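Here is the structure we will look at.
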Amino acid sequence: MIVAEQKPLAAITSMMEGCRKVLAVGCGTCVTVCFAGSAREVGILASSLRMASRVDGEPLAVEETTVQRQCEDEYLEPLAEGLDDYDAILSLGCGIGVQSLADRYPDKRVLPALNTTFMGRPTEQGVWEERCQACGSCVLDKTAGICPVTRCAKSLFNGPCGGTQDGKCEVDPSIPCAWQMIWERSAKLGLMDRLMEVEPVKDWSTSRDGGLRRIVRDDLRMPDAEGE
Amino acid sequence: MDGAISETRKTRSNLEGVLAQGHFAVTAELGPPKSHDMAQVREKIELLKGHVDAANITDNQTGIVRLSSIAAGIAMVQEGLEPVIQMTCRDRNRLAMQSDLLGAAGHGITNVLCLSGDHQSFGNHQGAKNVHDIDSMQLLRMIKDMRDENHFQCGEEIPGGGPRLFIGAAANPFADPVDLRHFRLAKKIAAGADFVQTQLIFDMPLFHDYMKRVVDMGLHERVAILAGVGPLKSAGMARYMRDRVPGMTVADEYIERMAGAVADIAKEDKPARQEAWRAEGIRICVEQIEQVREIEGVAGVHIMAIEWEAVVGPIVEAAGLEPRPVL
């Protein structure tokens, strides 16, 4: 899932300067699962903003709504009604949600209430950890199911570096060394031979480095779109 | 390019020549300043010249911006001290690396040491984006391909042939997983390493274990291994290295010796304590050089006297390694 966390309240209020009425929009998918942008967090943030505005002496009206998925247009349609009344939309979606709203409502200011942090998973109650950087060319078959691009602080392909101590990363002793895990898991699975080969230089053009990425699936496109 | 290279030699590197002739090689480290003051570089060159076969110049070590390794290396070529330019994968992508390697070789630099690079979170620009387009293993392979296959990483031919660089790698026998570190050395050799400089050794039994595994695999016959040593400056420094430097182990023996060196000196007498510490640090370093010389597979020493280049000459002399061979 996409994991996000709320920006500090002061950062949110400062970006809303000049707004008298905003629509706070939650998202019912990833950010709901990671407790950052569900209807509940929308409610708490909206109350906090109203209170803060009263303290500041500049009353702010905050209406609340939550859509199933901010990243898909069909769920954004119902927001059109009455949107003229708002100075801005405050999105509690991920960066994709914010931009989907901006695409759909080009005349409206859209503000991010969250910092989109990573693609990951909950590893224990209240803890989420990054697992994928969407490099566009998965190598997990070669690395015993542990991603070196994401989980090694230096994204090494032939690790570990010389900074591993007690199985932990030099950057933070609470982070396990990805390459130590890869070696240990490979040994367990009888795949050590693979690690003796020098992994060649990666082609990063499938990553962000290749420019905006897009997938076109002709088998899924509408008949009238194919001729574009 | 500039002059012929003998058939068995890959480069014009003095370090390569010294090793090829079977001499016990000596390299040291030259830390460039945090300024553009070339006079400081030249002072350090004078301190090391004649005492070592080549000297490494660190590349933004610990993620702290310093005068460029290659720029300092050019000055060394001019002054007659052979440079080993260090190159990390943290700050440059493959374009910048190859461009810099061409420039370095063009200025007469003949040795390069390939490193991952300390993480930027240790340095003075913690908000920096790290590059890591390629890793140190891939950097070794890239430079080897440039030199031996005359092509860039992309496969395009290098007009006039690739840069003739003697290729170095770092090895840390003390980082986890210690039982697998010799495999990593084997990989670095396969990738293209001609010589290896190890992390500072402050755990001699562990280094012995590592070298035994290396010799059992015959790796010492395929790469020149320079054992990393360096003088401790104080008991505090020894403890700091043990507790704070990732991937370093320091045996209690050394900490106790350093502490013992000032046992009879009053805490207030700082100059006397410093002098006693430094003398003990030098003694330990010279003993360590003598110890590693006895270990099968060790082809030389790499002396890392951090911000203490003046001590390198006396250490080399005390270890009986002077004069250095003139090829």
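Ligands are numbered from 1 in the order shown, residues from 1 within each chain, and chains are lettered A, B, ... in the order they appear in the structure tokens.
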Find the residues in chain A near chain B: any atom within 8 Å counts, using only C-alpha atoms. Write them as a list of chain:residue names.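 Here they are: A:Ala153, A:Lys154, A:Ser155, A:Leu156, A:Phe157, A:Asn158, A:Cys161, A:Gly162, A:Gly163, A:Thr164, A:Gln165, A:Asp166, A:Gly167, A:Glu170, A:Val171, A:Gln180, A:Met196, A:Glu197, A:Val198, A:Glu199, A:Pro200, A:Val201, A:Lys202, A:Trp204.
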Quick one: write out the picked residues with N, CA and C atoms as a compact mmCIF listing (two decimals), in the first residue's frame?
```txt
# COMPACT_ATOMS: atom_id res chain seq x y z
N ALA A 153 20.41 1.25 2.16
CA ALA A 153 20.48 2.72 2.15
C ALA A 153 21.26 3.23 0.95
N LYS A 154 22.08 2.36 0.34
CA LYS A 154 22.87 2.77 -0.82
C LYS A 154 22.38 2.06 -2.09
N SER A 155 21.26 1.38 -2.00
CA SER A 155 20.70 0.65 -3.15
C SER A 155 21.77 -0.19 -3.85
N LEU A 156 22.59 -0.88 -3.07
CA LEU A 156 23.65 -1.69 -3.67
C LEU A 156 23.06 -2.92 -4.36
N PHE A 157 23.72 -3.34 -5.42
CA PHE A 157 23.33 -4.57 -6.10
C PHE A 157 24.29 -5.71 -5.80
N ASN A 158 25.39 -5.36 -5.16
CA ASN A 158 26.39 -6.37 -4.79
C ASN A 158 26.85 -6.09 -3.36
N CYS A 161 27.81 -3.46 2.08
CA CYS A 161 28.94 -2.54 2.14
C CYS A 161 29.73 -2.83 3.42
N GLY A 162 30.73 -2.05 3.69
CA GLY A 162 31.59 -2.30 4.86
C GLY A 162 31.04 -1.72 6.15
N GLY A 163 29.83 -1.21 6.12
CA GLY A 163 29.30 -0.54 7.31
C GLY A 163 28.34 -1.38 8.14
N THR A 164 28.20 -2.65 7.77
CA THR A 164 27.25 -3.50 8.50
C THR A 164 27.82 -3.86 9.87
N GLN A 165 27.04 -3.69 10.90
CA GLN A 165 27.49 -4.10 12.23
C GLN A 165 26.35 -4.78 12.96
N ASP A 166 26.62 -5.94 13.50
CA ASP A 166 25.60 -6.73 14.19
C ASP A 166 24.35 -6.91 13.33
N GLY A 167 24.57 -7.02 12.03
CA GLY A 167 23.45 -7.25 11.13
C GLY A 167 22.61 -6.02 10.86
N GLU A 170 24.53 0.84 8.69
CA GLU A 170 25.35 1.90 9.29
C GLU A 170 24.55 3.18 9.50
N VAL A 171 23.48 3.33 8.74
CA VAL A 171 22.69 4.56 8.81
C VAL A 171 21.87 4.63 10.10
N GLN A 180 22.73 -8.32 4.44
CA GLN A 180 22.95 -9.45 5.35
C GLN A 180 21.74 -10.38 5.28
N MET A 196 27.44 -15.06 -5.90
CA MET A 196 28.86 -15.01 -6.26
C MET A 196 29.08 -14.32 -7.60
N GLU A 197 28.00 -14.19 -8.37
CA GLU A 197 28.12 -13.49 -9.66
C GLU A 197 28.05 -11.99 -9.42
N VAL A 198 28.83 -11.24 -10.19
CA VAL A 198 28.75 -9.78 -10.08
C VAL A 198 27.49 -9.33 -10.83
N GLU A 199 26.58 -8.75 -10.09
CA GLU A 199 25.35 -8.27 -10.72
C GLU A 199 25.69 -7.04 -11.57
N PRO A 200 25.38 -7.10 -12.87
CA PRO A 200 25.79 -5.97 -13.72
C PRO A 200 25.02 -4.68 -13.42
N VAL A 201 25.54 -3.62 -13.98
CA VAL A 201 24.95 -2.28 -13.81
C VAL A 201 23.46 -2.31 -14.18
N LYS A 202 22.67 -1.64 -13.38
CA LYS A 202 21.22 -1.63 -13.62
C LYS A 202 20.83 -0.58 -14.66
N TRP A 204 18.43 2.02 -15.27
CA TRP A 204 17.48 2.80 -14.46
C TRP A 204 16.42 3.48 -15.32
```
For Pro160 of chain A, find every residue with an atom within 8 Å (counting only C-alpha atoms), except residues of its own chain fewer than 5 positions away, and show them as a PyMOL selection string. chain A and resi 177-180
Could you go through segment 71-156 of chain B and tell me which residues DSSP, when run on the backbone, assigns to helix (DSSP H, G or I), listing them as an MDAnalysis selection string? chainID B and resid 71:79 94:106 120:122 136:148
Residues within 6 Å of Ile64 of chain B, only C-alpha atoms, excluding chain neighbours under 2 positions, as a list in words: Asn60, Gln61, Thr62, Gly123 and Asn124 of chain B
Per-residue DSSP, segment 34-217 of chain B, filtered to strand (DSSP E or B), as number ranges by chain: B: 54-57, 83-88, 111-115, 151, 157, 166-171, 195-200
Store the residues picked out above in a file with N, CA and C atoms, as a compact mmCIF listing (two decimals), in the first residue's frame.
```txt
# COMPACT_ATOMS: atom_id res chain seq x y z
N ALA B 54 52.65 5.01 -2.96
CA ALA B 54 51.53 5.80 -3.48
C ALA B 54 50.70 6.24 -2.29
N ALA B 55 49.91 7.29 -2.49
CA ALA B 55 49.06 7.75 -1.39
C ALA B 55 47.63 7.97 -1.88
N ASN B 56 46.69 7.46 -1.08
CA ASN B 56 45.26 7.65 -1.40
C ASN B 56 44.85 9.07 -1.09
N ILE B 57 43.96 9.61 -1.91
CA ILE B 57 43.32 10.88 -1.56
C ILE B 57 41.85 10.59 -1.41
N PRO B 83 49.52 9.32 -6.78
CA PRO B 83 48.20 9.31 -6.15
C PRO B 83 47.39 8.04 -6.43
N VAL B 84 46.59 7.68 -5.43
CA VAL B 84 45.51 6.70 -5.63
C VAL B 84 44.24 7.51 -5.39
N ILE B 85 43.53 7.86 -6.46
CA ILE B 85 42.32 8.66 -6.23
C ILE B 85 41.22 7.73 -5.74
N GLN B 86 40.54 8.16 -4.68
CA GLN B 86 39.39 7.40 -4.21
C GLN B 86 38.16 7.92 -4.94
N MET B 87 37.27 7.01 -5.28
CA MET B 87 36.04 7.42 -5.97
C MET B 87 34.86 6.68 -5.35
N THR B 88 33.92 7.45 -4.82
CA THR B 88 32.75 6.83 -4.22
C THR B 88 31.58 6.83 -5.21
N ASN B 111 46.19 5.28 -10.50
CA ASN B 111 45.54 4.37 -9.55
C ASN B 111 44.19 4.93 -9.12
N VAL B 112 43.23 4.03 -8.96
CA VAL B 112 41.92 4.45 -8.46
C VAL B 112 41.41 3.42 -7.47
N LEU B 113 40.80 3.90 -6.40
CA LEU B 113 40.20 3.00 -5.41
C LEU B 113 38.68 3.17 -5.46
N CYS B 114 37.97 2.06 -5.65
CA CYS B 114 36.52 2.10 -5.85
C CYS B 114 35.78 1.83 -4.54
N LEU B 115 34.92 2.76 -4.15
CA LEU B 115 34.22 2.66 -2.87
C LEU B 115 32.73 2.92 -3.02
N HIS B 151 36.21 0.07 -23.79
CA HIS B 151 34.87 0.61 -24.04
C HIS B 151 34.26 1.24 -22.80
N GLU B 157 33.02 2.29 -27.98
CA GLU B 157 34.48 2.26 -27.93
C GLU B 157 35.04 3.61 -27.44
N PHE B 166 45.32 1.35 -12.49
CA PHE B 166 45.53 0.21 -11.59
C PHE B 166 44.38 0.29 -10.59
N ILE B 167 43.59 -0.80 -10.53
CA ILE B 167 42.27 -0.70 -9.91
C ILE B 167 42.26 -1.29 -8.50
N GLY B 168 41.84 -0.46 -7.57
CA GLY B 168 41.80 -0.87 -6.17
C GLY B 168 40.39 -1.01 -5.64
N ALA B 169 40.29 -1.84 -4.61
CA ALA B 169 39.01 -2.02 -3.92
C ALA B 169 39.28 -1.98 -2.43
N ALA B 170 38.23 -1.72 -1.67
CA ALA B 170 38.35 -1.77 -0.21
C ALA B 170 37.79 -3.11 0.25
N ALA B 171 38.31 -3.58 1.38
CA ALA B 171 37.77 -4.80 1.97
C ALA B 171 37.66 -4.58 3.47
N PHE B 195 44.23 -4.53 -6.69
CA PHE B 195 44.74 -4.49 -5.32
C PHE B 195 43.59 -4.14 -4.37
N VAL B 196 43.83 -4.47 -3.11
CA VAL B 196 42.81 -4.28 -2.09
C VAL B 196 43.46 -3.61 -0.89
N GLN B 197 42.78 -2.64 -0.33
CA GLN B 197 43.24 -2.05 0.94
C GLN B 197 42.16 -2.36 1.97
N THR B 198 42.58 -2.87 3.12
CA THR B 198 41.57 -3.28 4.11
C THR B 198 41.23 -2.14 5.06
N GLN B 199 40.13 -2.32 5.73
CA GLN B 199 39.74 -1.46 6.84
C GLN B 199 40.85 -1.51 7.90
N LEU B 200 40.92 -0.50 8.73
CA LEU B 200 41.89 -0.48 9.84
C LEU B 200 41.77 -1.76 10.67
```
Tell me, in Å to one decimal, how far atom CA of Arg164 of chain B is from atom CA of Arg222 of chain B.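 Going from atom CA of Arg164 of chain B over to atom CA of Arg222 of chain B covers 18.8 Å.
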Neighbours of Thr27 of chain B within 12 Å (only C-alpha atoms; same-chain residues fewer than 6 positions away dropped), as a PyMOL selection string? chain B and resi 14-16+18-19+48-57+81-84+111+168+195-198+225-230+299-305+309+312-313+315-316+321+324
Could you take the residues named above and write them with C-alpha atoms, as a CSV table (one decimal), in the first residue's frame?
```csv
chain,number,residue,atom,x,y,z
B,14,ASN,CA,54.5,2.7,-9.5
B,15,LEU,CA,52.4,0.8,-7.0
B,16,GLU,CA,51.7,-1.9,-9.5
B,18,VAL,CA,56.4,-2.3,-6.7
B,19,LEU,CA,53.9,-5.1,-6.1
B,48,LEU,CA,54.5,11.6,2.5
B,49,LYS,CA,56.9,11.8,-0.4
B,50,GLY,CA,59.7,9.2,-0.4
B,51,HIS,CA,58.0,7.3,2.4
B,52,VAL,CA,55.3,5.5,0.5
B,53,ASP,CA,54.8,4.0,-3.0
B,54,ALA,CA,51.5,5.8,-3.5
B,55,ALA,CA,49.1,7.8,-1.4
B,56,ASN,CA,45.3,7.6,-1.4
B,57,ILE,CA,43.3,10.9,-1.6
B,81,LEU,CA,54.0,11.6,-5.1
B,82,GLU,CA,51.9,8.9,-6.9
B,83,PRO,CA,48.2,9.3,-6.1
B,84,VAL,CA,45.5,6.7,-5.6
B,111,ASN,CA,45.5,4.4,-9.5
B,168,GLY,CA,41.8,-0.9,-6.2
B,195,PHE,CA,44.7,-4.5,-5.3
B,196,VAL,CA,42.8,-4.3,-2.1
B,197,GLN,CA,43.2,-2.0,0.9
B,198,THR,CA,41.6,-3.3,4.1
B,225,ILE,CA,46.2,-7.3,-0.3
B,226,LEU,CA,47.4,-4.3,1.6
B,227,ALA,CA,46.6,-4.5,5.3
B,228,GLY,CA,45.1,-1.4,6.8
B,229,VAL,CA,46.8,0.0,9.8
B,230,GLY,CA,46.9,3.4,11.5
B,299,ALA,CA,51.4,-7.9,0.1
B,300,GLY,CA,51.7,-4.6,1.8
B,301,VAL,CA,50.3,-2.1,4.3
B,302,HIS,CA,48.0,0.9,3.9
B,303,ILE,CA,48.7,3.4,6.6
B,304,MET,CA,45.8,5.6,7.6
B,305,ALA,CA,47.0,8.4,9.8
B,309,GLU,CA,50.3,12.6,7.8
B,312,VAL,CA,53.7,8.2,8.3
B,313,GLY,CA,57.4,8.6,7.5
B,315,ILE,CA,56.3,4.7,11.2
B,316,VAL,CA,57.6,3.4,7.8
B,321,LEU,CA,60.4,-0.4,5.3
B,324,ARG,CA,61.1,2.6,-0.7
```
Length of the atom CA of Asp145 of chain B to atom CA of Thr11 of chain B vector [Å]: 13.9 Å
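Atom pair atom CA of His182 of chain B / atom CA of Ala144 of chain A has a distance of 20.6 Å (rounded to one decimal).
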Env of segment 265-267 of chain B: 12 Å cut, atoms = only C-alpha atoms, seq-sep filter 6 positions within chain, self excluded. Answer as a CSV table (one decimal) with C-alpha atoms, in the first residue's frame.
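Now in selection-v1.csv:
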```
chain,number,residue,atom,x,y,z
B,259,ALA,CA,44.8,3.9,28.6
B,273,ARG,CA,49.3,12.9,27.9
B,274,GLN,CA,49.1,13.6,24.2
B,275,GLU,CA,52.7,12.9,23.7
B,276,ALA,CA,52.5,9.6,25.6
B,277,TRP,CA,49.4,8.6,23.7
```
Counting only C-alpha atoms, figure out which residue out of A:Arg151, A:Arg54, A:Lys21, A:Arg104 gets nearest to Gly120 of chain A. A:Arg151
So that I can see what lies close to Tyr75 of chain A, please list as a list in words the residues with an atom at most 10 Å from it, counting only C-alpha atoms and leaving out residues fewer than 5 positions away in the same chain.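 In the requested format, the answer is Cys27, Thr66, Val67, Gln68, Arg69 and Gln70 of chain A.
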Which residues come within 10 Å of Pro8 of chain A, counting only C-alpha atoms, excluding same-chain residues fewer than 6 positions away, as a PyMOL selection string? chain A and resi 113-115
